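Working notes for the structure below.
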Amino acid sequence: GCEVFCAMRNLFYQNWTAASKNIRESEGVLITLGSVEEHGLHLPLGTDTILAQAFAQEICERENMYYYPCITYGQVWSARDFESTISINPACLENYCLQAVESVMRARPRRIILFSFHNGNHKVIDDVLRTLTDRGDGENVFHIKAAGIEKKAGHILTTPLWNGSIWHAGELETSLMLYVNEELVDMKAATAEFPPVPLLYGKKPIPWRAFLESGAFGDASAATAEKGRELFELICRELQAQIHCVKEGDKNE
């Protein structure tokens, strides 16, 4: 079953001595972050968390690493006005992540890599790394991300992105979920919503609920599991390239 498979790389399923040994002897540890956030009418609240752990599992298999279960709640200011979304204050989330990293450090990993599939957590992670660097503790802590992957996915996607870059719950993310866990996707409820871009969008904070009805940007109805398979592999290769860069950087220091 899944529990047996996941136990291979997910430290959640290992006892403390096995986990400590694996942390010390592997290439590193992934600390993953997600969110509990509206993803339109067709995807679950946990989409970012589900995808973060799917990528973590695959990447750790490929790169001889291990990962901790997701820090589930994230910074979700833009979508927080949609009922049932949970948003955590950035300062609170930063302190939480910092304590998680400090805890993992006690096991003496070769490197710690933070990864969030939810884009809203990236600034928090950057601030964690800056705090560690200022303390003199950030030498082996890194940040990898799939942000901007839509620029490399044009040969896979068949519909435009809202405002040229936003893919929240649209064709890209829905395709990934169809590939990772199709049972959690209700394609009958998928929407195609391209609201007008607010005049001051990008110049001041504007909650999505002020101009978005379904909670999903773009054409989610164009998603397929096959596109998801291609996107999943594309993102895995991108994350692996960043990990290889981290390893190469270690050698040159």
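Following the order of the structure tokens, first chain is A, next is B, and so on, with residues numbered from 1 inside each chain and ligands from 1 in the order they appear.
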
Which residues of segment 8-125 of chain A come within 7 Å of segment 136-150 of chain A, and what is each one's closest atom pair and distance in Å (one decimal), counting only C-alpha atoms, sorted by chain and residue number, as a tab-separated table?
residue	atom	partner	partner_atom	distance
A:Arg111	CA	A:Asn140	CA	4.8
A:Ile112	CA	A:Val141	CA	4.7
A:Ile113	CA	A:Phe142	CA	4.7
A:Leu114	CA	A:His143	CA	4.9
A:Phe115	CA	A:Ile144	CA	5.4
A:Ser116	CA	A:Lys145	CA	6.5
A:Phe117	CA	A:Ala146	CA	6.9
A:Asn119	CA	A:Ala147	CA	6.5

Could you please write out, as a list in words, every residue of segment 1-227 of chain A that DSSP assigns to strand (DSSP E)?
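These are the residues in question: Val29, Leu30, Ile31, Thr32, Leu33, Tyr66, Tyr67, Tyr68, Pro69, Cys70, Ile71, Ile112, Ile113, Leu114, Phe115, Ser116, Val141, Phe142, His143, Ile144, Ala192, Glu193, Gly218 and Asp219 of chain A.
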
Fewer than 3 positions away in the same chain doesn't count, so skip those; otherwise give me all residues within 7 Å of segment 180-192 of chain A, counting only C-alpha atoms, as a tab-separated table (two decimals) with N, CA, C and O atoms, in the first residue's frame.
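And here is the file that came out, selection.tsv:
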chain	number	residue	atom	x	y	z
A	41	LEU	N	-13.68	25.29	-7.93
A	41	LEU	CA	-14.79	24.42	-7.57
A	41	LEU	C	-14.49	22.95	-7.85
A	41	LEU	O	-15.27	22.08	-7.49
A	42	HIS	N	-13.35	22.67	-8.45
A	42	HIS	CA	-13.06	21.31	-8.91
A	42	HIS	C	-11.86	20.65	-8.23
A	42	HIS	O	-11.64	19.45	-8.40
A	43	LEU	N	-11.09	21.42	-7.46
A	43	LEU	CA	-9.91	20.87	-6.78
A	43	LEU	C	-10.04	21.01	-5.27
A	43	LEU	O	-10.69	21.93	-4.78
A	44	PRO	N	-9.40	20.12	-4.51
A	44	PRO	CA	-9.50	20.19	-3.04
A	44	PRO	C	-8.67	21.31	-2.45
A	44	PRO	O	-7.71	21.80	-3.07
A	176	LEU	N	-1.83	18.58	-13.31
A	176	LEU	CA	-0.96	17.92	-12.33
A	176	LEU	C	-1.77	17.06	-11.36
A	176	LEU	O	-1.40	15.92	-11.06
A	177	MET	N	-2.88	17.61	-10.89
A	177	MET	CA	-3.71	16.85	-9.94
A	177	MET	C	-4.36	15.64	-10.61
A	177	MET	O	-4.50	14.59	-9.99
A	218	GLY	N	-8.10	31.01	-15.42
A	218	GLY	CA	-7.86	30.34	-16.69
A	218	GLY	C	-8.84	29.22	-16.97
A	218	GLY	O	-9.89	29.11	-16.34
A	219	ASP	N	-8.46	28.36	-17.91
A	219	ASP	CA	-9.36	27.31	-18.39
A	219	ASP	C	-8.97	25.95	-17.81
A	219	ASP	O	-8.18	25.21	-18.39
A	220	ALA	N	-9.56	25.62	-16.67
A	220	ALA	CA	-9.28	24.33	-16.03
A	220	ALA	C	-9.87	23.17	-16.81
A	220	ALA	O	-9.41	22.03	-16.70
A	221	SER	N	-10.88	23.44	-17.63
A	221	SER	CA	-11.54	22.37	-18.38
A	221	SER	C	-10.64	21.77	-19.45
A	221	SER	O	-10.92	20.69	-19.98

For Asn64 of chain A, please output as a list of chain:residue names all residues within 12 Å (counting only C-alpha atoms; exclusion window: fewer than 4 positions along the same chain).
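Residues meeting the cut-off are A:Met8, A:Arg9, A:Asn10, A:Asn22, A:Ile23, A:Arg24, A:Glu25, A:Ser26, A:Glu27, A:Gly28, A:Val29, A:Leu30, A:Ala56, A:Gln57, A:Glu58, A:Ile59, A:Cys60, A:Arg110, A:Gln240, A:Ile243.
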
I want to know what sits within 8 Å of Val101 of chain A, based on only C-alpha atoms, with residues of the same chain fewer than 4 positions away left out; could you give that as a list in words?
Ile31, Cys97, Met105 and Ile112 of chain A

Of the candidates A:Trp16, A:Trp208, A:Tyr67, A:Phe82, which shows the shortest atom-to-atom distance to Ala54 of chain A, using only C-alpha atoms?
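With only C-alpha atoms as the atom set, the closest residue is A:Tyr67.
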
Top pick for closest residue to Thr158 of chain A, considering A:Leu98, A:Leu212, A:Ala223, A:Val76 and counting only C-alpha atoms:
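Of all the options, A:Ala223 lies closest to Thr158 of chain A.
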
Can you check which residues of segment 4-52 of chain A DSSP gives as alpha helix (DSSP H) on the backbone and send them as a PyMOL selection string?
chain A and resi 4-6+16-25+47-52

Gap from atom CA of Leu93 of chain A to atom CA of Gly74 of chain A - Å, one decimal:
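Atom-to-atom, atom CA of Leu93 of chain A and atom CA of Gly74 of chain A are spaced 7.1 Å apart.
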
Within 10 Å of Ala100 of chain A, counting only C-alpha atoms, which residues show up once you throw out same-chain ones fewer than 4 positions away? Write them as a list of chain:residue names, please.
A:Ile31, A:Tyr68, A:Ile71, A:Glu94, A:Asn95, A:Tyr96, A:Val104, A:Met105

What gap, in Å, lies between atom CA of His168 of chain A and atom CA of Ser78 of chain A?
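Interatomic distance here is 11.2 Å.
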
A:Arg106, A:Thr133, A:Leu231, A:Ala210 ranked by distance to Gly154 of chain A, top pick (using only C-alpha atoms):
A:Leu231

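Nearest-residue note for His155 of chain A: choosing from A:Lys227, A:His118, A:Arg130, A:Lys21, the minimum distance belongs to A:Lys227, counting only C-alpha atoms.
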
Work out how far atom CA of Gln75 of chain A is from atom CA of Asn89 of chain A, in Å to one decimal.
6.2 Å

Given the choices A:Ser87, A:Ala216, A:Thr174, A:Arg237, which gets closest to Thr47 of chain A if the distance is worked out from only C-alpha atoms?
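Checking each of A:Ser87, A:Ala216, A:Thr174, A:Arg237 against Thr47 of chain A, counting only C-alpha atoms, the winner is A:Thr174.
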
For Ser20 of chain A, which of A:Ser103, A:Thr49, A:Ser175, A:Thr131 is the closest residue, counting only C-alpha atoms?
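The answer is A:Ser103, which sits nearest to Ser20 of chain A.
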